[in-house]
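Quick notes on the structure that follows.
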Amino acid sequence: MDLLGDLGQVDQLISTREENKVLQEKVKELTVRVHELKCENEVLKAEVEIYRGDANFLRSTGGVGVFGESKEVDDGADHFVTSGNGIYPSDAVTLPNVHGNTNPLCCALHSDDALLATGGADSNIKLCRWGVALAPGDESSVKAVNQSITITCGAPVICCSFAQVGQGKRLSVVAAGCMDGSVKLSHGASLDDLDQTINSDDRLLKSDNDIKHKKYVKTICWSPTESILASASADGTIQLTKMGFVDKEKSTVSLEVLKSMHFDGAVESMCFVNGNTLCCYVRGTSYLSYFDLKDNYKQTKLSINGVSGGTECFDEHVSFAVLLLTPSPCGSYIALATDAGRNIIMESGTDKIVRNLYGHKNDGFSNPKIAWSKSGQYLYGNSQDTKLIIVWDIASESIVKELDAGGFARDMYSSSNSDTLVSVSFDKTAKIWLRDM
């Protein structure tokens, strides 16, 4: 037995392992540094885009925005001169298994903030009085879930939204965009209408003009001033539908197709920036399209590269896709969630980029989500590599808070009436984020 030889081999093995540990730590340090350099590079690229945009701003718009109002050329961010007031939600009420053993995919709040709608992979919409979960007792959250109303939609629900008209008042209708390309409308979307004795199938509203796309629905949104619903699909279409009389007794609704629009690529994101203007992004393009509903749907294209000068001067290359659009509470700005780990704040109706938000990760295989705070001073967003909801102070472009979503956040919705945020995650929960619980 060669004892000395064996001891030498053991010593060599131990030494090799220690060297491997040191090398692994060095790899980790270098990986972090590479990530930091990538972020710094993106910031520098964004700054170049902003400077290019500033230089050409007057040439592209003549000082006038898409909506016809005068646009003074300044720093483009009067609302973001000072940092936020420190008011944003940080404590959560958790609703477990809101869709049983399947994951929730989307969420929305009624205007009174008391009614939560979630759509799930189980092909259902759930309407829940989440306030029941605030009652004392360990089972209050479970009770809130058990008392929720189920509306069967026939296909996984990707997006949902409550109807709204004027002054934030909502109609008693909730819309659901589904995986099979259909858009379902249901009544019983207010606390007074939430009667558990009504059969699930009877809650779906029937019409002679059902909304149906050829591929799955990417996003839906209601006009803030009229009962107009816009639905966008992966098949490259947008349909604007005006909702008329709702007959609760017969479970019917009158629907009028106002406009169908067709694009060369999938419509990834869409929102109303005011009651008369619809904004959308089509995959593969380097601009946002604004459509004026009062001027025969006139289209205006504005670059998302921070490059001005009109459509003939577009930098047609774009290194990212815009997967979510949402207007600020004041309507002066629009936030863009991209698949490149970058959230952008633009001035509505212009091609001016005023802020870029980094510090998270989202790529082409992720589902980036964002939402504004009530004050418009903060932006909430998810990240594909953490189970956190990130809170950015828009003025300073810095992360001020990270909220534990429990699982990877799939969707979020921020109330326009209070500092309340809702999120749904891949741990099968919904969370209602509140201040000072």
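Ordered as shown in the structure tokens, chains take letters A, B, and onward, while each chain numbers its residues from 1 and ligands are numbered from 1 in the order shown.
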* Output as a PyMOL selection string all residues of stretch 74-140 of chain A that backbone DSSP marks as helix (DSSP H, G or I). => chain A and resi 78-80+130-134+140
Got time to write the residues from that selection, C-alpha atoms, as a PDB file, in the first residue's frame?
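Done, and the output landed in again13.pdb:
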ATOM      1  CA  ASP A  78     -41.561  69.023 -15.995  1.00  0.00           C
ATOM      2  CA  HIS A  79     -43.422  66.451 -13.914  1.00  0.00           C
ATOM      3  CA  PHE A  80     -40.146  64.724 -13.023  1.00  0.00           C
ATOM      4  CA  TRP A 130     -60.799  41.013  -1.682  1.00  0.00           C
ATOM      5  CA  GLY A 131     -61.614  43.192   1.363  1.00  0.00           C
ATOM      6  CA  VAL A 132     -62.953  40.066   3.082  1.00  0.00           C
ATOM      7  CA  ALA A 133     -59.302  39.034   3.464  1.00  0.00           C
ATOM      8  CA  LEU A 134     -58.705  41.988   5.819  1.00  0.00           C
ATOM      9  CA  SER A 140     -60.027  35.251   5.948  1.00  0.00           C
TER      10      SER A 140
END
Strand (DSSP E) positions in stretch 153-288 of chain A, given as a tab-separated table (two decimals) with C-alpha atoms, in the first residue's frame:
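The resulting file, result.tsv, is shown below:
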chain	number	residue	atom	x	y	z
A	157	VAL	CA	-57.84	34.40	-20.16
A	158	ILE	CA	-54.78	36.48	-21.11
A	159	CYS	CA	-56.06	39.98	-20.29
A	160	CYS	CA	-59.05	41.53	-18.54
A	161	SER	CA	-60.43	45.03	-18.01
A	162	PHE	CA	-63.43	46.80	-16.52
A	173	VAL	CA	-69.17	45.06	-17.54
A	174	VAL	CA	-65.83	43.24	-17.50
A	175	ALA	CA	-64.04	42.17	-20.70
A	176	ALA	CA	-61.73	39.18	-21.08
A	177	GLY	CA	-59.28	38.57	-23.93
A	178	CYS	CA	-58.73	34.85	-24.49
A	182	SER	CA	-62.25	35.68	-28.55
A	183	VAL	CA	-63.19	38.59	-26.32
A	184	LYS	CA	-65.84	37.78	-23.73
A	185	LEU	CA	-68.04	40.37	-22.02
A	186	SER	CA	-69.75	39.71	-18.73
A	187	HIS	CA	-72.11	41.68	-16.50
A	211	ILE	CA	-65.60	39.89	-30.98
A	212	LYS	CA	-63.32	37.25	-32.49
A	217	VAL	CA	-55.73	38.32	-27.92
A	218	LYS	CA	-52.63	40.24	-26.84
A	219	THR	CA	-54.31	43.12	-25.06
A	220	ILE	CA	-57.61	44.94	-24.57
A	221	CYS	CA	-58.40	48.46	-23.37
A	222	TRP	CA	-61.47	50.64	-22.89
A	228	ILE	CA	-65.50	51.72	-26.81
A	229	LEU	CA	-63.40	48.58	-26.43
A	230	ALA	CA	-60.21	48.06	-28.42
A	231	SER	CA	-58.87	44.52	-28.79
A	232	ALA	CA	-55.51	43.62	-30.35
A	233	SER	CA	-54.32	40.22	-31.50
A	237	THR	CA	-55.44	43.14	-36.14
A	238	ILE	CA	-57.06	45.73	-33.93
A	239	GLN	CA	-60.83	45.94	-33.63
A	240	LEU	CA	-62.66	48.86	-32.07
A	241	THR	CA	-66.12	47.95	-30.85
A	242	LYS	CA	-68.74	50.25	-29.38
A	243	MET	CA	-70.82	48.71	-26.64
A	244	GLY	CA	-74.45	49.79	-26.46
A	245	PHE	CA	-77.38	48.68	-24.34
A	246	VAL	CA	-76.80	45.89	-21.82
A	247	ASP	CA	-79.88	43.79	-21.00
A	252	THR	CA	-77.40	40.40	-24.07
A	253	VAL	CA	-75.44	43.41	-25.25
A	254	SER	CA	-75.49	45.44	-28.45
A	255	LEU	CA	-72.09	45.70	-30.14
A	256	GLU	CA	-71.15	47.82	-33.15
A	257	VAL	CA	-67.84	47.31	-34.94
A	258	LEU	CA	-66.44	50.80	-35.50
A	259	LYS	CA	-63.15	49.92	-37.18
A	260	SER	CA	-60.95	46.96	-38.06
A	261	MET	CA	-57.26	47.64	-38.68
A	262	HIS	CA	-54.73	45.22	-40.16
A	267	VAL	CA	-49.93	43.98	-32.31
A	268	GLU	CA	-47.91	43.66	-29.12
A	269	SER	CA	-49.30	46.53	-27.04
A	270	MET	CA	-51.98	49.19	-27.10
A	271	CYS	CA	-53.65	51.85	-24.96
A	272	PHE	CA	-55.86	54.93	-25.13
A	273	VAL	CA	-53.85	58.03	-24.34
A	274	ASN	CA	-57.07	60.05	-24.20
A	277	THR	CA	-56.57	58.73	-29.50
A	278	LEU	CA	-55.45	55.11	-29.62
A	279	CYS	CA	-51.75	54.26	-29.45
A	280	CYS	CA	-50.27	50.90	-30.47
A	281	TYR	CA	-46.99	49.14	-31.21
A	282	VAL	CA	-46.61	46.50	-33.93
A	287	TYR	CA	-42.35	53.59	-33.98
A	288	LEU	CA	-45.61	54.00	-32.08
Give me, as CSV, the closest atom pair and its distance (Å, one decimal) for every residue of stretch 361-397 of chain A within a cut-off of 8 Å of stretch 349-357 of chain A, counting only C-alpha atoms, rows sorted by chain and rising number.
residue,atom,partner,partner_atom,distance
A:Trp392,CA,A:Leu357,CA,7.4
A:Ile394,CA,A:Arg355,CA,7.1
A:Ala395,CA,A:Arg355,CA,7.7
A:Glu397,CA,A:Leu357,CA,5.5
With N, CA and C atoms kept, could you save the residues just selected as a PDB file, in the first residue's frame?
ATOM      1  N   TRP A 392     -39.641  52.148  -9.226  1.00  0.00           N
ATOM      2  CA  TRP A 392     -38.693  53.169  -9.677  1.00  0.00           C
ATOM      3  C   TRP A 392     -39.195  54.557  -9.319  1.00  0.00           C
ATOM      4  N   ILE A 394     -39.199  57.868 -10.910  1.00  0.00           N
ATOM      5  CA  ILE A 394     -38.995  58.230 -12.309  1.00  0.00           C
ATOM      6  C   ILE A 394     -38.037  59.414 -12.460  1.00  0.00           C
ATOM      7  N   ALA A 395     -38.138  60.388 -11.569  1.00  0.00           N
ATOM      8  CA  ALA A 395     -37.301  61.582 -11.685  1.00  0.00           C
ATOM      9  C   ALA A 395     -35.815  61.227 -11.649  1.00  0.00           C
ATOM     10  N   GLU A 397     -34.595  58.113 -11.877  1.00  0.00           N
ATOM     11  CA  GLU A 397     -34.374  56.859 -12.608  1.00  0.00           C
ATOM     12  C   GLU A 397     -33.790  55.772 -11.711  1.00  0.00           C
TER      13      GLU A 397
END
* Any idea what's packed within 10 Å of A:Pro156, counting only C-alpha atoms, ignoring anything in its chain fewer than 6 positions away? Could you give it as a PyMOL selection string? -> chain A and resi 104-105+119-125+176-180+216
* Can you tell me, as a count of residues only, what residues are no more than 8 Å from A:Ile389 when counting only C-alpha atoms, ignoring any on the same chain fewer than 6 positions away? -> 9
* Structure fact -> Restricting to only C-alpha atoms, whichever of A:Val391, A:Ala155, A:Leu95, A:Val424 is closest to A:Glu139 is A:Leu95
* Take atom CA of A:Ala321 and atom CA of A:Thr338 and report the distance between them in Å, one decimal. =>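 Going from atom CA of A:Ala321 over to atom CA of A:Thr338, I get 5.5 Å.
Rounded to one decimal, atom CA of A:Pro329 and atom CA of A:Ala117 lie 21.0 Å from each other.
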* **atom CA of A:Asn362 to atom CA of A:Asp339, straight-line distance in Å** => 5.1 Å
* A:Leu379, A:Val81, A:Ile390, A:Val422: which is nearest A:Leu115, counting only C-alpha atoms? ->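 Of A:Leu379, A:Val81, A:Ile390, A:Val422, the one nearest A:Leu115, counting only C-alpha atoms, is A:Val422.
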* Selected residue, from A:Ser83, A:Thr16, A:Ser141, A:Thr94, that lies nearest to A:Ser398 when counting only C-alpha atoms ->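 Once distances to A:Ser398 are computed over only C-alpha atoms, the minimum belongs to A:Ser83.
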* Find the residues near A:Arg129: any atom within 8 Å, counting only C-alpha atoms, skip ones fewer than 2 places away on the same chain, and give them as a list in words. => Ala114, Leu115, Leu116, Leu127, Gly131, Val132, Ala144, Gln147, Ser148 and Leu191 of chain A
